[in-house]
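Q: Take a look at the following structure, please.
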Amino acid sequence: MRLFSKAAWLCGAMLHGLTCGSLHAAETKPGNAMSWCQFDLPPMYIVDGPDAGKGVVDGHVDFLIRHLLEYQHQIQVSNIRRVTEQIRNREHVVCAGMQKNAERETYMLFSAPFLAADAPSLVLPLHNLERMRPYLNAAGEIRLSALVEGSPMILGIAFGRSCGRDIDSVMAGLKDRPNVLVRPAAQDLTEALLGMMALKRVDYTIAYGSEFRVLSAARANAGPELVSLPIEGQPRYIPVYIVAPPG
């Protein structure tokens, strides 16, 4: 049974959407080796500390590894930029916990959703909250385009990271503005941006709800108090996928 076909049998819809072209590449790879890419992104992935390997997505990946015994599995701790380049180059990597957008669909194969994540929200220091009020709608949600276009405040984002199709579509037309700071995507994705926020180099960023809760608790005594604001047009949850290169 081909690699992802067997995974689909084990996990139901988790990998159902991936095509056989990518699966064939997995079979013909010497030694049937495959790399599972992950990031330092609690609570989805937990790379370090006493809870290492106990993240939400870690558990799904571990399930697949334990049941795909005929394959040699490797864990690759990486960053978004490296993983996307590997997939573009059709290297034999698989990554669970990715978002779908129009640009990624040109070179990635996506599974059916296997998880639902809290939608991304705006994250900022409490002392900046009053400055956001002109950009809130009647429901108390931030109007992202209006904020970036109408305010001098600096938005910090990680290069290559996706916040879902809708936010990515908005940011595609705004990322070159002088008040948008695009930093290299490190393994930690968001924690470095929070550090820049504490140094007042960045005024706000975008993070997933579960990610915000973990990071804000961890940094409770390491900087300004953080708050989050919902972004206009976002649902409560967004789907999460497993991706692989095409065959």
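Letters for chains follow the order of the structure tokens (A, B, ...), residue numbers begin at 1 for each chain, and ligand numbers begin at 1 in the order shown.
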Can you list, as a PyMOL selection string, every protein, DNA or RNA residue that comes within 12 Å of region 135-144 of chain A when you count only C-alpha atoms, leaving out same-chain residues fewer than 3 positions away?
A: chain A and resi 120-124+129-132+147-151+153+155+166-171+173-174+204-206+228-235
Q: Keeping only N, CA and C atoms, write those residues as an mmCIF file, in the first residue's frame.
A:
data_model
loop_
_atom_site.group_PDB
_atom_site.id
_atom_site.type_symbol
_atom_site.label_atom_id
_atom_site.label_comp_id
_atom_site.auth_asym_id
_atom_site.auth_seq_id
_atom_site.Cartn_x
_atom_site.Cartn_y
_atom_site.Cartn_z
ATOM 1 N N PRO A 120 -6.441 33.280 13.467
ATOM 2 C CA PRO A 120 -5.451 34.288 13.859
ATOM 3 C C PRO A 120 -6.120 35.562 14.373
ATOM 4 N N SER A 121 -5.417 36.238 15.258
ATOM 5 C CA SER A 121 -5.896 37.515 15.787
ATOM 6 C C SER A 121 -4.731 38.491 15.850
ATOM 7 N N LEU A 122 -5.053 39.752 16.059
ATOM 8 C CA LEU A 122 -4.023 40.763 16.223
ATOM 9 C C LEU A 122 -3.492 40.690 17.652
ATOM 10 N N VAL A 123 -2.174 40.719 17.806
ATOM 11 C CA VAL A 123 -1.549 40.656 19.129
ATOM 12 C C VAL A 123 -0.749 41.933 19.332
ATOM 13 N N LEU A 124 -0.938 42.557 20.469
ATOM 14 C CA LEU A 124 -0.292 43.844 20.717
ATOM 15 C C LEU A 124 -0.121 44.064 22.212
ATOM 16 N N LEU A 129 -3.438 49.477 22.924
ATOM 17 C CA LEU A 129 -4.839 49.139 22.641
ATOM 18 C C LEU A 129 -5.656 50.373 22.247
ATOM 19 N N GLU A 130 -5.470 51.482 22.936
ATOM 20 C CA GLU A 130 -6.268 52.679 22.646
ATOM 21 C C GLU A 130 -6.014 53.170 21.223
ATOM 22 N N ARG A 131 -4.814 52.961 20.707
ATOM 23 C CA ARG A 131 -4.475 53.413 19.348
ATOM 24 C C ARG A 131 -5.207 52.602 18.286
ATOM 25 N N MET A 132 -5.750 51.451 18.659
ATOM 26 C CA MET A 132 -6.446 50.585 17.706
ATOM 27 C C MET A 132 -7.920 50.953 17.537
ATOM 28 N N LEU A 147 -6.201 49.443 9.155
ATOM 29 C CA LEU A 147 -5.141 49.665 10.135
ATOM 30 C C LEU A 147 -3.789 49.839 9.457
ATOM 31 N N VAL A 148 -3.434 48.904 8.572
ATOM 32 C CA VAL A 148 -2.116 48.959 7.936
ATOM 33 C C VAL A 148 -2.006 50.183 7.032
ATOM 34 N N GLU A 149 -3.076 50.501 6.324
ATOM 35 C CA GLU A 149 -3.043 51.632 5.389
ATOM 36 C C GLU A 149 -3.165 52.990 6.076
ATOM 37 N N GLY A 150 -3.831 53.027 7.232
ATOM 38 C CA GLY A 150 -4.139 54.314 7.833
ATOM 39 C C GLY A 150 -3.340 54.672 9.066
ATOM 40 N N SER A 151 -2.530 53.738 9.556
ATOM 41 C CA SER A 151 -1.795 53.988 10.788
ATOM 42 C C SER A 151 -0.294 53.872 10.546
ATOM 43 N N MET A 153 1.680 52.780 12.806
ATOM 44 C CA MET A 153 2.143 51.680 13.660
ATOM 45 C C MET A 153 2.727 50.555 12.807
ATOM 46 N N LEU A 155 3.579 46.782 11.826
ATOM 47 C CA LEU A 155 3.166 45.386 11.895
ATOM 48 C C LEU A 155 4.376 44.510 11.633
ATOM 49 N N ASP A 166 -7.636 34.112 3.741
ATOM 50 C CA ASP A 166 -8.217 35.454 3.731
ATOM 51 C C ASP A 166 -7.204 36.511 4.167
ATOM 52 N N ILE A 167 -6.522 36.275 5.282
ATOM 53 C CA ILE A 167 -5.538 37.252 5.763
ATOM 54 C C ILE A 167 -4.362 37.332 4.798
ATOM 55 N N ASP A 168 -3.920 36.200 4.265
ATOM 56 C CA ASP A 168 -2.819 36.218 3.298
ATOM 57 C C ASP A 168 -3.176 37.051 2.077
ATOM 58 N N SER A 169 -4.427 36.957 1.646
ATOM 59 C CA SER A 169 -4.868 37.725 0.484
ATOM 60 C C SER A 169 -4.797 39.226 0.778
ATOM 61 N N VAL A 170 -5.195 39.617 1.973
ATOM 62 C CA VAL A 170 -5.115 41.033 2.359
ATOM 63 C C VAL A 170 -3.662 41.482 2.424
ATOM 64 N N MET A 171 -2.819 40.675 3.069
ATOM 65 C CA MET A 171 -1.431 41.061 3.288
ATOM 66 C C MET A 171 -0.619 41.064 1.998
ATOM 67 N N GLY A 173 -1.190 42.522 -0.663
ATOM 68 C CA GLY A 173 -1.155 43.872 -1.204
ATOM 69 C C GLY A 173 -0.588 44.905 -0.254
ATOM 70 N N LEU A 174 -0.207 44.476 0.963
ATOM 71 C CA LEU A 174 0.241 45.426 1.981
ATOM 72 C C LEU A 174 1.667 45.176 2.462
ATOM 73 N N TYR A 204 2.676 45.661 16.696
ATOM 74 C CA TYR A 204 1.711 44.569 16.771
ATOM 75 C C TYR A 204 2.097 43.483 15.774
ATOM 76 N N THR A 205 1.495 42.297 15.955
ATOM 77 C CA THR A 205 1.733 41.195 15.045
ATOM 78 C C THR A 205 0.441 40.394 14.915
ATOM 79 N N ILE A 206 0.506 39.287 14.208
ATOM 80 C CA ILE A 206 -0.648 38.395 14.025
ATOM 81 C C ILE A 206 -0.248 37.013 14.494
ATOM 82 N N SER A 228 -5.122 40.532 22.691
ATOM 83 C CA SER A 228 -5.420 40.166 21.303
ATOM 84 C C SER A 228 -6.759 40.747 20.890
ATOM 85 N N LEU A 229 -6.879 41.030 19.596
ATOM 86 C CA LEU A 229 -8.118 41.543 19.023
ATOM 87 C C LEU A 229 -8.515 40.660 17.847
ATOM 88 N N PRO A 230 -9.782 40.287 17.741
ATOM 89 C CA PRO A 230 -10.220 39.507 16.577
ATOM 90 C C PRO A 230 -10.094 40.338 15.302
ATOM 91 N N ILE A 231 -9.850 39.654 14.196
ATOM 92 C CA ILE A 231 -9.701 40.314 12.899
ATOM 93 C C ILE A 231 -11.003 40.157 12.115
ATOM 94 N N GLU A 232 -11.463 41.254 11.548
ATOM 95 C CA GLU A 232 -12.721 41.261 10.808
ATOM 96 C C GLU A 232 -12.734 40.199 9.717
ATOM 97 N N GLY A 233 -13.837 39.469 9.634
ATOM 98 C CA GLY A 233 -14.021 38.491 8.577
ATOM 99 C C GLY A 233 -13.509 37.101 8.893
ATOM 100 N N GLN A 234 -12.875 36.929 10.045
ATOM 101 C CA GLN A 234 -12.337 35.618 10.392
ATOM 102 C C GLN A 234 -13.378 34.758 11.111
ATOM 103 N N PRO A 235 -13.444 33.459 10.773
ATOM 104 C CA PRO A 235 -14.319 32.559 11.529
ATOM 105 C C PRO A 235 -13.680 32.253 12.886
#
Q: I want to know what sits within 12 Å of Gln86 (chain A), based on only C-alpha atoms, with residues of the same chain fewer than 4 positions away left out; could you give that as a list in words?
A: Ser35, Trp36, Cys37, Gln76, Ser78, Asn79, Ile80, Arg81, Arg82, Arg90, Glu91, His92, Val93, Val94, Cys95, Tyr107, Met108, Val243, Ala244, Pro245 and Pro246 of chain A
Q: Only N, CA and C atoms, please: the residues just picked out, written as a compact mmCIF listing (two decimals), in the first residue's frame.
A:
# COMPACT_ATOMS: atom_id res chain seq x y z
N SER A 35 10.98 12.73 5.77
CA SER A 35 11.22 13.70 6.84
C SER A 35 9.93 14.43 7.19
N TRP A 36 9.60 14.46 8.46
CA TRP A 36 8.46 15.22 8.96
C TRP A 36 8.99 16.55 9.50
N CYS A 37 8.58 17.63 8.88
CA CYS A 37 9.07 18.95 9.27
C CYS A 37 8.21 19.51 10.40
N GLN A 76 12.50 16.72 11.31
CA GLN A 76 13.34 17.84 10.90
C GLN A 76 12.79 19.12 11.52
N SER A 78 12.74 22.85 11.68
CA SER A 78 13.12 23.74 10.59
C SER A 78 12.39 25.06 10.72
N ASN A 79 12.32 25.80 9.63
CA ASN A 79 11.53 27.03 9.58
C ASN A 79 10.72 27.04 8.29
N ILE A 80 9.74 27.91 8.25
CA ILE A 80 8.81 27.94 7.13
C ILE A 80 9.53 28.13 5.79
N ARG A 81 10.49 29.03 5.76
CA ARG A 81 11.17 29.31 4.50
C ARG A 81 11.88 28.08 3.97
N ARG A 82 12.60 27.37 4.83
CA ARG A 82 13.31 26.17 4.39
C ARG A 82 12.34 25.10 3.91
N ARG A 90 10.76 19.67 -4.56
CA ARG A 90 10.22 18.30 -4.57
C ARG A 90 11.08 17.33 -3.78
N GLU A 91 11.66 17.82 -2.71
CA GLU A 91 12.35 16.93 -1.78
C GLU A 91 11.32 16.13 -1.00
N HIS A 92 11.77 15.03 -0.41
CA HIS A 92 10.83 14.12 0.22
C HIS A 92 10.57 14.56 1.66
N VAL A 93 9.77 15.62 1.81
CA VAL A 93 9.39 16.12 3.12
C VAL A 93 7.87 16.19 3.20
N VAL A 94 7.39 16.06 4.43
CA VAL A 94 5.96 16.17 4.72
C VAL A 94 5.84 17.11 5.91
N CYS A 95 4.83 17.96 5.90
CA CYS A 95 4.66 18.90 7.01
C CYS A 95 3.20 18.95 7.43
N TYR A 107 2.24 24.89 -5.71
CA TYR A 107 3.37 23.94 -5.64
C TYR A 107 3.27 22.95 -4.47
N MET A 108 2.21 22.97 -3.71
CA MET A 108 2.02 22.03 -2.61
C MET A 108 0.78 21.19 -2.84
N VAL A 243 0.84 18.83 4.24
CA VAL A 243 1.27 19.15 2.87
C VAL A 243 2.45 18.29 2.47
N ALA A 244 2.60 18.13 1.17
CA ALA A 244 3.71 17.37 0.59
C ALA A 244 3.98 17.94 -0.80
N PRO A 245 5.15 17.67 -1.36
CA PRO A 245 5.40 18.11 -2.73
C PRO A 245 4.65 17.26 -3.73
N PRO A 246 4.38 17.77 -4.92
CA PRO A 246 3.77 16.94 -5.96
C PRO A 246 4.73 15.87 -6.42
Q: Using CA of Gly97 (chain A) and CA of Ser111 (chain A) as the two end points, give the distance in Å to one decimal.
A: 10.5 Å
Q: For Ala158 (chain A), please output as a list in words all residues within 12 Å (counting only C-alpha atoms; exclusion window: fewer than 4 positions along the same chain).
A: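 Listed by chain and then number, they are Asn79, Ile80, Arg81, Ser162, Cys163, Met171, Lys175, Val180, Leu181, Val182, Arg183, Pro184, Ala185, Ala186, Gln187, Asp188, Leu189, Thr190, Glu191, Ala192, Leu193, Leu194, Thr205, Ile206 and Ala207 of chain A.
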Q: How would the residues just chosen look if you wrote them out with N, CA and C atoms as a CSV table (one decimal), in the first residue's frame?
A:
chain,number,residue,atom,x,y,z
A,79,ASN,N,12.3,25.8,9.6
A,79,ASN,CA,11.5,27.0,9.6
A,79,ASN,C,10.7,27.0,8.3
A,80,ILE,N,9.7,27.9,8.2
A,80,ILE,CA,8.8,27.9,7.1
A,80,ILE,C,9.5,28.1,5.8
A,81,ARG,N,10.5,29.0,5.8
A,81,ARG,CA,11.2,29.3,4.5
A,81,ARG,C,11.9,28.1,4.0
A,162,SER,N,1.9,31.6,6.8
A,162,SER,CA,0.5,31.8,6.4
A,162,SER,C,-0.4,32.0,7.6
A,163,CYS,N,-1.3,32.9,7.5
A,163,CYS,CA,-2.3,33.1,8.5
A,163,CYS,C,-3.7,32.7,7.9
A,171,MET,N,-2.8,40.7,3.1
A,171,MET,CA,-1.4,41.1,3.3
A,171,MET,C,-0.6,41.1,2.0
A,175,LYS,N,2.2,44.0,2.1
A,175,LYS,CA,3.5,43.6,2.8
A,175,LYS,C,4.7,44.5,2.4
A,180,VAL,N,5.3,47.8,7.5
A,180,VAL,CA,5.2,46.4,7.6
A,180,VAL,C,6.6,45.8,7.6
A,181,LEU,N,7.0,45.3,8.8
A,181,LEU,CA,8.3,44.7,8.9
A,181,LEU,C,8.3,43.2,8.7
A,182,VAL,N,8.9,42.7,7.7
A,182,VAL,CA,8.9,41.3,7.4
A,182,VAL,C,10.3,40.8,7.8
A,183,ARG,N,10.3,39.9,8.8
A,183,ARG,CA,11.6,39.4,9.4
A,183,ARG,C,11.8,38.0,8.9
A,184,PRO,N,13.0,37.5,8.8
A,184,PRO,CA,13.2,36.1,8.4
A,184,PRO,C,12.5,35.1,9.3
A,185,ALA,N,12.0,34.0,8.8
A,185,ALA,CA,11.2,33.1,9.5
A,185,ALA,C,12.2,32.2,10.3
A,186,ALA,N,12.3,32.4,11.6
A,186,ALA,CA,13.1,31.5,12.4
A,186,ALA,C,12.3,30.3,12.9
A,187,GLN,N,12.9,29.4,13.6
A,187,GLN,CA,12.1,28.3,14.1
A,187,GLN,C,11.0,28.7,15.0
A,188,ASP,N,11.2,29.7,15.8
A,188,ASP,CA,10.2,30.1,16.8
A,188,ASP,C,9.0,30.9,16.2
A,189,LEU,N,9.1,31.4,15.0
A,189,LEU,CA,8.0,32.0,14.3
A,189,LEU,C,7.5,33.3,14.9
A,190,THR,N,7.0,33.2,16.1
A,190,THR,CA,6.3,34.4,16.7
A,190,THR,C,7.1,35.0,17.9
A,191,GLU,N,7.8,34.1,18.6
A,191,GLU,CA,8.4,34.6,19.9
A,191,GLU,C,9.4,35.7,19.6
A,192,ALA,N,10.1,35.7,18.6
A,192,ALA,CA,11.1,36.7,18.3
A,192,ALA,C,10.3,38.1,18.0
A,193,LEU,N,9.2,38.0,17.3
A,193,LEU,CA,8.4,39.2,17.1
A,193,LEU,C,7.9,39.8,18.4
A,194,LEU,N,7.5,38.9,19.4
A,194,LEU,CA,7.1,39.5,20.6
A,194,LEU,C,8.3,40.2,21.4
A,205,THR,N,1.5,42.3,16.0
A,205,THR,CA,1.7,41.2,15.0
A,205,THR,C,0.4,40.4,14.9
A,206,ILE,N,0.5,39.3,14.2
A,206,ILE,CA,-0.6,38.4,14.0
A,206,ILE,C,-0.2,37.0,14.5
A,207,ALA,N,-1.1,36.4,15.3
A,207,ALA,CA,-0.8,35.0,15.8
A,207,ALA,C,-2.1,34.3,16.0
